[in-house]
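Colleague: Take this structure, written in structure tokens, and hold onto it; I'll ask about it next.
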Amino acid sequence: MLRWLRCLHRPRLVIWRSGSSYVARMRYLVKLKGDDEACSAALRAGRLFLYHKLRPLLMRAEGGRHRPLDMKTTDVEALLEKLGQQKERVRESVLVGCTETWVPQFCLDVGTLEKCAVERLCGGEFVDLRKAFFLLRGHDVPHMARGRALLHWHQTHGFCSASGEPTVKNQAGSQRVCQGSGHTYYPQMAPVLIVLVSDGSRCLLGRQAAFPRDMYSALAGFCDMGETMEETLRREVAEEVGLEVETFQFASTQHWPYPQSSFMLACHATVNPQRCQVSVDKVELEDARWFTLEEIQEALRRASAPQAPGGGPPVFWLPPSFTIAHQLVQEWVRQQTAGV
Ligand SMILES: NC(=O)c1ccc[n+]([C@@H]2O[C@H](COP(=O)([O-])OP(=O)(O)OC[C@H]3O[C@@H](n4cnc5c(N)ncnc54)[C@H](O)[C@@H]3O)[C@@H](O)[C@H]2O)c1
Ligand SMILES: [Mg+2]
């Protein structure tokens with residue numbers, strides 16, 4: 001009978017920098033979520049990140065990198081008026097945070113404006129977020145992803161599923177209410193389990209047909225209603241590659257803005273090396289295979305998608321470094337090489 005073990009591991013110790021105004025800022029943000037008047041005042045004093053059909057506005061920074069372009073609310077109002085729109089449209093923005101110096105930050109999708117005109121007037125470029133993942137510094141990515149996810153949620157929840165009537169967002173964008181049914185809707189994330197499976201010396205990566213060419217990632221799957229994280233992990237590995245997991249270890253979590261918004265729960269797992277023959281579910285995955293430590297280390301050294309020289313055999317590559325899949329792979333390499 002196969003074992004199902006929960007690995008005993010030391011809990012991850014997280015140390016927060018103390019002495020900051022963190023508590024006060026969090027209380028300020030929760031006030032803005034519940035108080036439309038206070039949030040409107042914050043919008044006047046805040047900064048806005050623009051999106052165009054969910055593409056964030058970026059500007060070029062040093063070292064070939066890009067950074068998000070934020071604007072004063074009054075500048076965005078002037079931009080709207082210049083392009084024939086009412087300046088009150090800034091109220092369609094959603095609150096995404098607050099800087100350490102207490103500047104409230106909002107996102108606004110200006111997808112009804114002519115894209116090139118906005119880019120010309122702002123001196124930036126609207127970039128697809130998946131492409132932006134490769135252009136932005138890691139610490140800018142979660143912020144841009146959060147804005148996209150929240151804007152997308154509002155764009156797809158304009159009507160009440162009980163009454164069919166329009167829903168109305170509060171100023172912060174932390175909820176939408178249907179006056180007819182009285183339902184309050186909150187932005188949602190779907191829990192997704194992502195797992196790096198190992199047989200002790202190799203790790204298993206897979207690719208969906210929709211992935212960029214030659215990119216391989218850890219296995220992932222949505223949690224079914226009522227499942228625990230452990231049950232999803234065991235089921236997904238069985239479904240997608242036909243293997244039975246023996247042990248697992250929780251690693252970390254990450255918000256992921258696709259397909260709508262996912263809450264990624266990342267784990268490491270092991271299978272019995274005597275029973276590691278992969279049987280790929282071709283509906284879910286185009287391919288899945290075992291990679292040696294040397295192959296993975298080589299892939300980690302390649303910064304971005306490599307070009308196969310002279311049409312030679314394609315070289316596989318990993319998702320960008322800030323992704324939780326990449327982090328799982330790095331952790332696995334550290335664990336494999338510890339004490340070597
Ligand atoms: N951040 C990362 O490092 C990383 C890496 C890999 C995958 N992911 C993400 O994980 C997510 C899930 O992975 P997957 O596609 O392999 O899942 P999956 O294996 O569960 O297969 C996807 C299928 O599940 C069904 N499904 C069930 N619930 C769903 C829901 N709430 N939303 C959408 N579809 C649902 C659909 O039929 C869909 O085609 C994807 O959105 C992917 O972008 C993130
Ligand atoms: Mg999957």
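Going through the structure tokens in order, the chains are called A, B, and so on, while each chain numbers its residues from 1 and the ligands are numbered from 1 in the order shown.
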Could you name the residues that touch segment 75-88 of chain A at 8 Å or less, counting only C-alpha atoms, but leaving out those on the same chain fewer than 2 positions away, as a PDB file with C-alpha atoms, in the first residue's frame?

Modeller:
```pdb
ATOM      1  CA  LEU A  48      -2.896  56.547 -10.762  1.00  0.00           C
ATOM      2  CA  MET A  71       0.476  59.856 -12.678  1.00  0.00           C
ATOM      3  CA  LYS A  72      -1.160  62.509 -10.536  1.00  0.00           C
ATOM      4  CA  THR A  73      -4.950  62.369 -10.561  1.00  0.00           C
ATOM      5  CA  VAL A  90     -11.101  58.926 -12.727  1.00  0.00           C
ATOM      6  CA  ARG A  91     -13.738  57.703 -10.254  1.00  0.00           C
ATOM      7  CA  LEU A 113      -9.415  55.956 -25.321  1.00  0.00           C
ATOM      8  CA  VAL A 118      -2.509  58.107 -24.502  1.00  0.00           C
ATOM      9  CA  LEU A 121       0.733  62.149 -24.288  1.00  0.00           C
TER      10      LEU A 121
END
```

Colleague: What's the 9 Å shell around Met215 of chain A, counting only C-alpha atoms, without same-chain residues fewer than 5 positions away, as a PDB file with N, CA and C atoms, in the first residue's frame?

Modeller:
```pdb
ATOM      1  N   GLY A 206       6.184  20.002 -16.694  1.00  0.00           N
ATOM      2  CA  GLY A 206       5.271  19.765 -17.814  1.00  0.00           C
ATOM      3  C   GLY A 206       5.006  21.042 -18.578  1.00  0.00           C
ATOM      4  N   ARG A 207       4.402  20.889 -19.750  1.00  0.00           N
ATOM      5  CA  ARG A 207       4.025  22.089 -20.502  1.00  0.00           C
ATOM      6  C   ARG A 207       2.656  21.891 -21.145  1.00  0.00           C
ATOM      7  N   GLN A 208       1.860  22.968 -21.118  1.00  0.00           N
ATOM      8  CA  GLN A 208       0.590  22.967 -21.827  1.00  0.00           C
ATOM      9  C   GLN A 208       0.867  23.455 -23.243  1.00  0.00           C
ATOM     10  N   ALA A 305      14.205  33.234 -22.715  1.00  0.00           N
ATOM     11  CA  ALA A 305      13.995  32.215 -23.730  1.00  0.00           C
ATOM     12  C   ALA A 305      15.169  32.152 -24.699  1.00  0.00           C
ATOM     13  N   VAL A 315      15.968  24.200 -26.765  1.00  0.00           N
ATOM     14  CA  VAL A 315      16.431  24.120 -25.382  1.00  0.00           C
ATOM     15  C   VAL A 315      15.260  24.541 -24.495  1.00  0.00           C
ATOM     16  N   PHE A 316      14.973  23.767 -23.470  1.00  0.00           N
ATOM     17  CA  PHE A 316      13.824  24.133 -22.641  1.00  0.00           C
ATOM     18  C   PHE A 316      14.184  25.285 -21.721  1.00  0.00           C
ATOM     19  N   TRP A 317      13.197  26.018 -21.290  1.00  0.00           N
ATOM     20  CA  TRP A 317      13.438  27.135 -20.368  1.00  0.00           C
ATOM     21  C   TRP A 317      12.320  27.196 -19.341  1.00  0.00           C
ATOM     22  N   LEU A 318      12.576  27.971 -18.291  1.00  0.00           N
ATOM     23  CA  LEU A 318      11.681  28.011 -17.124  1.00  0.00           C
ATOM     24  C   LEU A 318      10.907  29.330 -17.084  1.00  0.00           C
ATOM     25  N   PRO A 319       9.778  29.377 -16.356  1.00  0.00           N
ATOM     26  CA  PRO A 319       9.044  30.638 -16.212  1.00  0.00           C
ATOM     27  C   PRO A 319       9.928  31.705 -15.546  1.00  0.00           C
TER      28      PRO A 319
END
```

Colleague: Could you list, as a ChimeraX atom specification, all residues that come within 8 Å of ligand 1? Count only C-alpha atoms and all ligand atoms.

Modeller: /A:190-194,208,217-224,236,240,254-262,264,284-285,319,323-326

Colleague: Between atom CA of Arg47 of chain A and atom CA of Asp70 of chain A, what is the spacing in Å?

Modeller: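 Taking atom CA of Asp70 of chain A and atom CA of Arg47 of chain A, their separation equals 5.9 Å.
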
Colleague: Find, counting only C-alpha atoms and all ligand atoms, the residue in A:Leu151, A:Leu328, A:Ala288, A:Cys160 that gets nearest to ligand 2.

Modeller: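 With only C-alpha atoms and all ligand atoms as the atom set, the closest residue is A:Ala288.
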
Colleague: For the atom pair atom CA of Thr167 of chain A and atom CA of Ser181 of chain A, what is the interatomic distance in Å to one decimal place?

Modeller: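 According to the coordinates, atom CA of Thr167 of chain A and atom CA of Ser181 of chain A are separated by 9.8 Å.
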
Colleague: Pick from A:Cys98, A:Cys116, A:Ala251, A:Val283: nearest to Val30 of chain A, with only C-alpha atoms counted?

Modeller: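 Of all the options, A:Cys98 lies closest to Val30 of chain A.
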
Colleague: Taking the DSSP secondary structure from the backbone, can you list the residues of segment 122-296 of chain A that are helix (DSSP H, G or I), as number ranges by chain?

Modeller: A: 122, 129-135, 138-155, 229-241, 273-275, 293-296

Colleague: For each of A:Val329, A:Leu205, A:Met225, A:Met26, take the minimum atom-to-atom distance to ligand 2, counting only C-alpha atoms and all ligand atoms, then give the residue where this is smallest.

Modeller: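 Among the listed residues, A:Leu205 lies closest to ligand 2.
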